[in-house]
file run16.csv (CSV, C-alpha atoms)
chain,number,residue,atom,x,y,z
B,826,MET,CA,-77.1,22.5,-113.1
B,827,PHE,CA,-78.1,26.1,-113.4
B,828,ILE,CA,-81.8,25.3,-113.5
B,829,PHE,CA,-81.3,23.0,-110.5
B,830,LEU,CA,-79.7,25.8,-108.5
B,831,ILE,CA,-82.4,28.3,-109.5
B,832,GLN,CA,-85.1,25.8,-108.4
B,833,LYS,CA,-83.4,25.1,-105.1
B,834,ILE,CA,-82.8,28.9,-104.4
B,835,PHE,CA,-86.5,29.6,-105.2
B,836,TYR,CA,-87.7,26.9,-102.8
B,837,GLY,CA,-85.2,28.2,-100.2
B,838,ILE,CA,-86.6,31.7,-100.5
B,839,LEU,CA,-90.2,30.3,-100.0
B,840,VAL,CA,-89.0,28.5,-96.9
B,841,LEU,CA,-87.4,31.7,-95.5
B,842,PHE,CA,-90.5,33.7,-96.3
B,843,GLY,CA,-92.6,31.1,-94.4
B,844,VAL,CA,-90.3,31.2,-91.4
B,845,THR,CA,-90.3,35.0,-91.4
B,846,THR,CA,-94.1,35.1,-91.5
B,847,VAL,CA,-94.5,32.6,-88.7
B,848,ILE,CA,-92.0,34.1,-86.3
B,849,PHE,CA,-93.2,37.7,-86.9
B,850,PHE,CA,-96.8,37.0,-86.1
B,851,LEU,CA,-95.9,34.5,-83.3
B,852,PHE,CA,-93.8,37.0,-81.4
B,853,ASN,CA,-96.2,39.9,-82.1
B,854,ILE,CA,-99.1,38.1,-80.4
B,855,LEU,CA,-97.1,37.4,-77.2
B,856,PRO,CA,-98.2,39.2,-74.1
B,857,GLY,CA,-96.2,42.2,-73.0
B,858,ASP,CA,-95.4,45.7,-74.4
B,859,PRO,CA,-91.9,45.9,-75.9
B,860,ALA,CA,-92.0,49.7,-75.6
B,861,ARG,CA,-92.6,49.5,-71.8
B,862,MET,CA,-89.8,46.9,-71.5
B,863,MET,CA,-87.4,49.2,-73.4
B,864,LEU,CA,-88.1,52.1,-71.1
B,865,ASP,CA,-88.0,49.9,-67.9
B,866,GLN,CA,-88.8,52.1,-64.9
B,867,ARG,CA,-88.3,55.4,-66.7
B,868,GLU,CA,-91.6,55.2,-68.7
B,869,ASP,CA,-94.1,58.0,-69.0
B,870,ALA,CA,-96.9,58.6,-71.6
B,871,LYS,CA,-94.8,60.9,-73.7
B,872,GLN,CA,-91.8,58.6,-73.9
B,873,LEU,CA,-94.0,55.6,-74.7
B,874,LYS,CA,-95.6,57.5,-77.6
B,875,VAL,CA,-92.1,58.4,-79.0
B,876,ILE,CA,-90.9,54.8,-78.7
B,877,LYS,CA,-94.0,53.3,-80.3
B,878,ALA,CA,-93.8,55.8,-83.2
B,879,LYS,CA,-90.1,55.1,-83.7
B,880,TYR,CA,-90.5,51.3,-83.9
B,881,ALA,CA,-94.0,51.4,-85.5
B,882,PHE,CA,-95.6,49.7,-82.5
B,883,ASP,CA,-98.5,52.1,-83.0
B,884,ARG,CA,-99.3,50.8,-86.5
B,885,PRO,CA,-101.4,47.8,-87.4
B,886,VAL,CA,-99.6,44.4,-87.2
B,887,PHE,CA,-99.9,43.8,-90.9
B,888,GLU,CA,-98.3,47.1,-91.7
B,889,GLN,CA,-95.5,46.3,-89.2
B,890,TYR,CA,-95.1,43.0,-91.0
B,891,LEU,CA,-94.7,44.8,-94.4
B,892,LEU,CA,-92.1,47.1,-92.9
B,893,TYR,CA,-90.1,44.1,-91.5
B,894,LEU,CA,-90.2,42.3,-94.8
B,895,ASN,CA,-89.0,45.6,-96.4
B,896,ASP,CA,-86.1,45.8,-94.0
B,897,ILE,CA,-84.8,42.2,-94.4
B,898,SER,CA,-85.3,42.0,-98.1
B,899,PRO,CA,-82.2,42.7,-100.3
B,900,ILE,CA,-84.4,44.8,-102.6
B,901,SER,CA,-86.5,47.3,-100.7
B,902,ILE,CA,-89.1,50.0,-101.4
B,903,HIS,CA,-88.6,53.3,-99.8
B,904,SER,CA,-91.6,55.6,-99.8
B,905,LYS,CA,-91.1,59.3,-99.7
B,906,LYS,CA,-94.3,59.7,-97.7
B,907,ASP,CA,-95.9,57.8,-94.8
B,908,GLY,CA,-97.4,54.5,-95.7
B,909,ALA,CA,-96.9,50.7,-95.4
B,910,PHE,CA,-93.6,50.8,-97.3
B,911,SER,CA,-92.2,53.9,-95.7
B,912,SER,CA,-89.1,52.3,-94.2
B,913,LEU,CA,-88.4,53.5,-90.6
B,914,ASN,CA,-84.8,52.4,-90.9
B,915,LYS,CA,-83.6,53.6,-94.3
B,916,ASN,CA,-81.0,55.8,-92.6
B,917,LYS,CA,-79.6,52.8,-90.6
B,918,TYR,CA,-77.9,51.2,-93.6
B,919,SER,CA,-76.2,52.0,-96.9
B,920,TYR,CA,-78.0,51.2,-100.2
B,921,ILE,CA,-77.8,51.6,-103.9
B,922,ALA,CA,-80.8,53.2,-105.6
B,923,LEU,CA,-82.1,51.1,-108.5
B,924,PHE,CA,-85.1,53.1,-109.5
B,925,SER,CA,-86.6,56.4,-108.2
B,926,ASN,CA,-89.5,58.7,-108.9
B,927,LEU,CA,-91.4,61.4,-106.9
B,928,ASN,CA,-93.0,58.9,-104.6
B,929,TYR,CA,-90.9,55.8,-104.3
B,930,SER,CA,-87.3,54.5,-104.5
B,931,ILE,CA,-86.4,50.8,-105.1
B,932,VAL,CA,-83.0,50.1,-103.6
B,933,LEU,CA,-80.5,47.3,-103.3
B,934,LYS,CA,-78.9,46.7,-99.8
B,935,LYS,CA,-77.8,44.1,-97.3
B,936,PRO,CA,-80.7,42.5,-95.4
B,937,TYR,CA,-81.3,44.7,-92.3
B,938,LEU,CA,-82.4,42.7,-89.2
B,939,ARG,CA,-82.9,46.0,-87.2
B,940,ASP,CA,-81.4,46.9,-83.9
B,941,SER,CA,-81.7,45.3,-80.5
B,942,PHE,CA,-84.4,46.7,-78.2
B,943,ILE,CA,-82.3,46.3,-75.1
B,944,ARG,CA,-78.8,47.2,-76.4
B,945,LYS,CA,-79.2,50.6,-77.7
B,946,ASP,CA,-78.1,51.2,-81.4
B,947,THR,CA,-76.6,47.7,-81.6
B,948,PRO,CA,-77.5,46.0,-84.9
B,949,VAL,CA,-78.8,42.4,-84.7
B,950,LEU,CA,-76.3,41.4,-87.4
B,951,SER,CA,-73.5,42.6,-85.2
B,952,ILE,CA,-74.8,40.5,-82.3
B,953,ILE,CA,-75.1,37.4,-84.6
B,954,ASN,CA,-71.6,38.0,-85.9
B,955,ASP,CA,-70.2,38.2,-82.4
B,956,THR,CA,-71.9,35.1,-81.1
B,957,PHE,CA,-72.2,32.8,-84.1
B,958,LYS,CA,-68.5,32.3,-84.6
B,959,ASN,CA,-68.4,30.7,-81.1
B,960,THR,CA,-71.3,28.5,-81.9
B,961,PHE,CA,-69.8,27.6,-85.3
B,962,ILE,CA,-66.5,26.4,-83.6
B,963,LEU,CA,-68.5,24.5,-81.0
B,964,ALA,CA,-70.7,22.8,-83.7
B,965,ILE,CA,-67.8,21.9,-85.9
B,966,SER,CA,-65.9,20.4,-83.0
B,967,SER,CA,-68.9,18.4,-81.9
B,968,LEU,CA,-69.7,17.1,-85.4
B,969,SER,CA,-66.0,16.2,-85.9
B,970,ILE,CA,-66.0,14.1,-82.7
B,971,ALA,CA,-69.4,12.6,-83.6
B,972,THR,CA,-68.3,11.7,-87.2
B,973,ILE,CA,-64.9,10.2,-86.4
B,974,ILE,CA,-66.0,8.2,-83.4
B,975,GLY,CA,-69.4,7.4,-84.9
B,976,LEU,CA,-67.9,6.0,-88.2
B,977,LEU,CA,-65.4,3.9,-86.3
B,978,PHE,CA,-68.0,2.4,-84.0
B,979,GLY,CA,-70.5,2.0,-86.8
B,980,ILE,CA,-67.9,0.1,-89.0
B,981,LEU,CA,-66.9,-2.1,-86.0
B,982,SER,CA,-70.6,-2.8,-85.2
B,983,ALA,CA,-71.3,-3.9,-88.8
B,984,LEU,CA,-68.2,-6.0,-89.2
B,985,TYR,CA,-68.9,-7.8,-85.9
B,986,LYS,CA,-72.7,-8.0,-86.4
B,987,ASN,CA,-74.6,-9.9,-83.7
B,988,THR,CA,-71.6,-10.2,-81.4
B,989,PHE,CA,-71.0,-8.7,-78.0
B,990,VAL,CA,-69.1,-5.8,-79.6
B,991,ASP,CA,-72.1,-5.0,-81.8
B,992,ARG,CA,-74.6,-5.2,-79.0
B,993,PHE,CA,-72.5,-3.1,-76.7
B,994,ILE,CA,-72.1,-0.4,-79.3
B,995,LEU,CA,-75.8,-0.4,-80.1
B,996,PHE,CA,-76.6,-0.1,-76.3
B,997,LEU,CA,-74.3,2.9,-76.1
B,998,SER,CA,-75.8,4.6,-79.1
B,999,VAL,CA,-79.4,4.0,-77.9
B,1000,LEU,CA,-78.4,5.4,-74.5
B,1001,GLY,CA,-76.9,8.5,-76.2
B,1002,MET,CA,-80.0,9.2,-78.2
B,1003,SER,CA,-82.2,8.8,-75.1
B,1004,ILE,CA,-80.4,11.3,-72.9
B,1005,PRO,CA,-81.8,14.9,-73.3
B,1006,SER,CA,-79.1,17.4,-74.1
B,1007,PHE,CA,-79.7,19.6,-71.1
B,1008,PHE,CA,-79.5,16.6,-68.7
B,1009,ALA,CA,-76.3,15.4,-70.3
B,1010,ALA,CA,-74.8,18.9,-70.1
B,1011,ILE,CA,-75.6,19.1,-66.4
B,1012,ILE,CA,-74.2,15.7,-65.6
B,1013,ILE,CA,-71.1,16.1,-67.6
B,1014,ALA,CA,-70.4,19.6,-66.2
B,1015,TRP,CA,-70.9,18.4,-62.7
B,1016,ILE,CA,-68.8,15.2,-63.0
B,1017,PHE,CA,-65.9,16.5,-65.1
B,1018,GLY,CA,-66.0,20.2,-64.3
B,1019,PHE,CA,-66.7,20.0,-60.6
B,1020,LEU,CA,-66.1,16.6,-59.0
B,1021,LEU,CA,-63.1,15.7,-61.1
B,1022,THR,CA,-61.8,19.2,-61.9
B,1023,SER,CA,-58.5,18.6,-60.0
B,1024,TYR,CA,-57.8,15.7,-62.3
B,1025,THR,CA,-59.3,16.9,-65.6
B,1026,GLY,CA,-58.3,20.6,-65.3
B,1027,LEU,CA,-61.7,21.5,-66.8
B,1028,SER,CA,-64.2,24.0,-65.4
B,1029,MET,CA,-68.0,23.9,-65.5
B,1030,THR,CA,-68.3,27.2,-67.4
B,1031,GLY,CA,-66.1,29.2,-69.7
B,1032,ASN,CA,-65.7,30.7,-73.2
B,1033,LEU,CA,-63.2,30.1,-76.0
B,1034,PHE,CA,-61.6,33.5,-75.2
B,1035,GLU,CA,-61.4,34.8,-71.7
B,1036,VAL,CA,-60.1,38.0,-70.1
B,1037,ASP,CA,-56.9,37.8,-68.1
B,1038,ASP,CA,-57.5,38.2,-64.3
B,1039,TYR,CA,-55.2,41.2,-64.3
B,1040,GLY,CA,-56.8,42.8,-67.3
B,1041,ASP,CA,-53.8,42.3,-69.5
B,1042,GLY,CA,-55.8,41.1,-72.5
B,1043,VAL,CA,-57.8,38.3,-73.9
B,1044,TYR,CA,-56.4,34.8,-74.3
B,1045,LEU,CA,-57.4,31.5,-75.9
B,1046,LYS,CA,-58.6,28.8,-73.6
B,1047,LEU,CA,-59.2,25.6,-75.7
B,1048,GLN,CA,-59.9,23.4,-72.7
B,1049,ASN,CA,-63.3,25.2,-72.3
B,1050,LEU,CA,-64.3,23.7,-75.6
B,1051,ILE,CA,-63.9,20.1,-74.6
B,1052,LEU,CA,-66.9,19.4,-72.3
B,1053,PRO,CA,-69.5,21.3,-74.4
B,1054,SER,CA,-68.2,19.7,-77.6
B,1055,ILE,CA,-68.5,16.2,-76.2
B,1056,THR,CA,-72.0,17.0,-74.8
B,1057,LEU,CA,-73.3,18.4,-78.0
B,1058,GLY,CA,-71.8,15.6,-80.0
B,1059,ILE,CA,-73.4,12.7,-78.1
B,1060,ARG,CA,-76.7,12.6,-80.0
B,1061,PRO,CA,-75.3,13.0,-83.5
B,1062,LEU,CA,-72.6,10.4,-82.6
B,1063,SER,CA,-75.3,7.9,-81.7
B,1064,ILE,CA,-77.2,8.6,-85.0
B,1065,VAL,CA,-74.0,8.2,-87.1
B,1066,VAL,CA,-73.2,4.9,-85.4
B,1067,GLN,CA,-76.6,3.4,-86.3
B,1068,PHE,CA,-76.8,4.8,-89.8
B,1069,CYS,CA,-73.2,3.7,-90.6
B,1070,ARG,CA,-73.9,0.2,-89.2
B,1071,ASN,CA,-77.2,-0.3,-91.1
B,1072,SER,CA,-75.9,1.1,-94.3
B,1073,LEU,CA,-72.7,-0.9,-94.3
B,1074,ILE,CA,-74.6,-4.1,-93.4
B,1075,GLU,CA,-76.9,-3.5,-96.4
B,1076,VAL,CA,-74.0,-2.8,-98.8
B,1077,LEU,CA,-72.1,-5.9,-97.6
B,1078,SER,CA,-75.1,-8.1,-98.6
B,1079,MET,CA,-75.2,-6.8,-102.2
B,1080,ASP,CA,-74.2,-8.9,-105.2
B,1081,TYR,CA,-71.2,-6.9,-106.3
B,1082,ILE,CA,-69.6,-7.5,-102.8
B,1083,ARG,CA,-70.1,-11.3,-103.2
B,1084,THR,CA,-68.6,-11.0,-106.7
B,1085,ALA,CA,-65.6,-9.2,-105.3
B,1086,TYR,CA,-65.0,-12.0,-102.8
B,1087,ALA,CA,-65.5,-14.6,-105.5
B,1088,LYS,CA,-62.7,-12.9,-107.5
B,1089,GLY,CA,-60.4,-13.5,-104.6
B,1090,LEU,CA,-60.1,-9.9,-103.3
B,1091,HIS,CA,-58.9,-9.6,-99.7
B,1092,ARG,CA,-61.6,-8.7,-97.1
B,1093,LYS,CA,-59.9,-5.5,-96.2
B,1094,SER,CA,-59.8,-4.4,-99.8
B,1095,VAL,CA,-63.5,-5.2,-100.4
B,1096,ILE,CA,-64.6,-3.4,-97.3
B,1097,PHE,CA,-62.5,-0.2,-97.6
B,1098,LYS,CA,-62.4,0.1,-101.4
B,1099,HIS,CA,-66.0,-0.9,-102.3
B,1100,ALA,CA,-68.3,-1.3,-99.3
B,1101,ILE,CA,-67.6,1.7,-97.1
B,1102,ARG,CA,-67.5,4.2,-100.0
B,1103,ASN,CA,-71.0,3.2,-101.1
B,1104,ALA,CA,-72.3,3.1,-97.6
B,1105,PHE,CA,-71.4,6.7,-97.0
B,1106,ASN,CA,-74.1,8.2,-99.2
B,1107,PRO,CA,-76.9,8.2,-96.7
B,1108,LEU,CA,-74.5,9.4,-94.0
B,1109,ILE,CA,-73.9,12.7,-95.9
B,1110,THR,CA,-77.5,13.7,-95.3
B,1111,VAL,CA,-77.3,12.7,-91.7
B,1112,ILE,CA,-74.1,14.6,-91.0
B,1113,SER,CA,-75.1,17.7,-92.9
B,1114,GLY,CA,-78.5,17.7,-91.3
B,1115,TRP,CA,-77.0,17.5,-87.9
B,1116,LEU,CA,-74.6,20.3,-88.6
B,1117,ALA,CA,-77.5,22.6,-89.1
B,1118,SER,CA,-79.3,21.2,-86.2
B,1119,LEU,CA,-76.3,21.7,-83.9
B,1120,PHE,CA,-76.5,25.5,-84.6
B,1121,ALA,CA,-80.2,25.5,-83.5
B,1122,GLY,CA,-79.9,22.9,-80.8
B,1123,SER,CA,-77.0,24.3,-78.9
B,1124,VAL,CA,-79.2,26.4,-76.7
B,1125,PHE,CA,-79.2,24.3,-73.5
B,1126,VAL,CA,-75.6,23.2,-73.9
B,1127,GLU,CA,-74.3,26.8,-74.3
B,1128,TYR,CA,-76.5,28.0,-71.4
B,1129,VAL,CA,-75.3,25.3,-69.0
B,1130,PHE,CA,-71.6,25.7,-69.9
B,1131,GLY,CA,-71.8,29.5,-70.1
B,1132,TRP,CA,-70.6,29.4,-73.7
B,1133,ASN,CA,-71.1,32.8,-75.3
B,1134,GLY,CA,-72.7,31.5,-78.5
B,1135,ILE,CA,-75.9,32.0,-80.5
B,1136,GLY,CA,-77.9,29.6,-78.3
B,1137,LYS,CA,-77.1,31.4,-75.1
B,1138,GLU,CA,-78.0,34.7,-76.9
B,1139,ILE,CA,-81.4,33.3,-77.7
B,1140,VAL,CA,-82.1,32.5,-74.0
B,1141,ASP,CA,-80.9,35.9,-72.9
B,1142,SER,CA,-83.0,37.7,-75.6
B,1143,LEU,CA,-86.1,35.7,-74.6
B,1144,ASN,CA,-85.7,36.7,-71.0
B,1145,ASN,CA,-85.4,40.4,-72.1
B,1146,MET,CA,-88.1,40.1,-74.8
B,1147,ASP,CA,-85.6,41.4,-77.3
B,1148,LEU,CA,-87.7,40.5,-80.3
B,1149,PRO,CA,-85.5,41.7,-83.2
B,1150,VAL,CA,-82.6,39.6,-81.9
B,1151,ILE,CA,-84.7,36.5,-81.5
B,1152,MET,CA,-86.4,36.9,-84.9
B,1153,GLY,CA,-83.0,37.7,-86.5
B,1154,ILE,CA,-81.3,34.6,-85.0
B,1155,VAL,CA,-84.2,32.3,-86.0
B,1156,LEU,CA,-84.2,33.6,-89.6
B,1157,PHE,CA,-80.4,33.3,-89.7
B,1158,ILE,CA,-80.6,29.6,-88.6
B,1159,ALA,CA,-83.2,29.0,-91.2
B,1160,LEU,CA,-80.9,30.4,-93.8
B,1161,ILE,CA,-78.2,28.0,-92.7
B,1162,PHE,CA,-80.6,25.0,-93.0
B,1163,VAL,CA,-81.5,26.1,-96.6
B,1164,THR,CA,-77.9,26.7,-97.6
B,1165,ILE,CA,-76.7,23.3,-96.2
B,1166,ASN,CA,-79.5,21.4,-98.0
B,1167,ILE,CA,-78.6,22.9,-101.3
B,1168,LEU,CA,-74.9,22.1,-100.8
B,1169,VAL,CA,-75.7,18.5,-99.8
B,1170,ASP,CA,-77.7,18.0,-103.0
B,1171,ILE,CA,-74.7,19.2,-105.0
B,1172,ILE,CA,-72.3,17.0,-103.1
B,1173,TYR,CA,-74.5,14.0,-103.7
B,1174,THR,CA,-73.9,14.2,-107.4
B,1175,TRP,CA,-70.1,14.3,-106.9
B,1176,ILE,CA,-70.0,11.3,-104.7
B,1177,ASP,CA,-72.6,9.1,-106.5
B,1178,PRO,CA,-72.5,9.6,-110.3
B,1179,ARG,CA,-75.8,7.6,-110.5
B,1180,ILE,CA,-77.6,10.6,-109.2
B,1181,LYS,CA,-78.4,13.0,-112.0
B,1182,ILE,CA,-79.4,16.7,-111.7
B,1183,LYS,CA,-82.5,17.5,-113.7
call {"tool": "encode", "arguments": {"input": "run16.csv", "output": "structure tokens"}}
result
Amino acid sequence: MFIFLIQKIFYGILVLFGVTTVIFFLFNILPGDPARMMLDQREDAKQLKVIKAKYAFDRPVFEQYLLYLNDISPISIHSKKDGAFSSLNKNKYSYIALFSNLNYSIVLKKPYLRDSFIRKDTPVLSIINDTFKNTFILAISSLSIATIIGLLFGILSALYKNTFVDRFILFLSVLGMSIPSFFAAIIIAWIFGFLLTSYTGLSMTGNLFEVDDYGDGVYLKLQNLILPSITLGIRPLSIVVQFCRNSLIEVLSMDYIRTAYAKGLHRKSVIFKHAIRNAFNPLITVISGWLASLFAGSVFVEYVFGWNGIGKEIVDSLNNMDLPVIMGIVLFIALIFVTINILVDIIYTWIDPRIKIK
């Protein structure tokens, strides 16, 4: 088990390193000068020079890349003189010195994703912390809806294979997979949040917490979660229906199921005690994979519904060319993918004892 975890963590680190490299060089070849955007209309040659020196925009791209790796790494090198590893941000975070000599110090610290270009002195980690909790609630709500309804429809579709019920459920699932998220968000917001708002009591936009009209404080508004949760859950619901149906049909055709029937077990007992449990294994990968995907794929849904989450933050940061925020969020989502994949591999061994960790 220990070797298995070490291997998975090592592969995860390689994935994160690859993601970091790609997003850094991708965003650093984009047109536009971040220094000019930060100064807006107040720019002059002297201010531009100060900003470029402060954020290392005046250094070669590869040296900027080394500095970024140094900042986001838990173990960093601090040079006491100018060079590729002289961290620009070592005064921005607390750290523990592991080794030090006249020229270098090796320190242990929390990964530092730097500060926002647009919001002065606001750490990227703080922005992620403020927005991710809203996205997490939205993703869990959406996945819960998709899992519960998807399993119910998938089981019904498998039990009534090739009947009208089966065909109708399959039609709905194909329709759900075919509709783009942004289109579904616009239609659902327009119908239930605008046309039928007097009946549903729902609005087109809103956050989980809203400020009182009279400024008396912040209050919880759960009804704002309903429409974006349903919208974001449509595609995973459709996938869960089809996987559950196909997996259960395959399990019901196996020899041990026929043996259970031959022994006189009731149909309900065979289905719920034997078939469904074994049919759930492939669903774990599907559901866990969609959980990570919902964090990354909530951009359009959050933007349409005005949900103050990590997806909407990505759009706003792209509009403002706030590169540290974009890169930090992408890296954070990649970390979620890696973590969930490791947890899924561990859960597999608990559910199916036939799977052995080597």
call {"tool": "residues_around", "arguments": {"input": "run16.csv", "residues": "range 917-927 of chain B", "least_positions_apart": "4", "cutoff": "9 Å", "atoms": "only C-alpha atoms", "output": "list in words"}}
result
Ile900, Lys905, Leu913, Ile931, Val932, Leu933, Lys934, Lys935, Tyr937 and Arg939 of chain B
call {"tool": "atom_distance", "arguments": {"input": "run16.csv", "atom1": "CA of Lys1046 in chain B", "atom2": "CA of Ile1154 in chain B"}}
result
26.1 Å
call {"tool": "closest_residue", "arguments": {"input": "run16.csv", "among": "B:Ser901, B:Gln1067, B:Gln889, B:Gln872", "to": "Phe849 in chain B", "atoms": "all atoms listed in the file"}}
result
B:Gln889
call {"tool": "atom_distance", "arguments": {"input": "run16.csv", "atom1": "CA of Ile994 in chain B", "atom2": "CA of Val1066 in chain B"}}
result
8.2 Å
call {"tool": "atom_distance", "arguments": {"input": "run16.csv", "atom1": "CA of Val949 in chain B", "atom2": "CA of Ile1151 in chain B"}}
result
8.9 Å
call {"tool": "closest_residue", "arguments": {"input": "run16.csv", "among": "B:Val1036, B:Leu1090, B:Ile970, B:Met1152", "to": "Ile897 in chain B", "atoms": "only C-alpha atoms"}}
result
B:Met1152
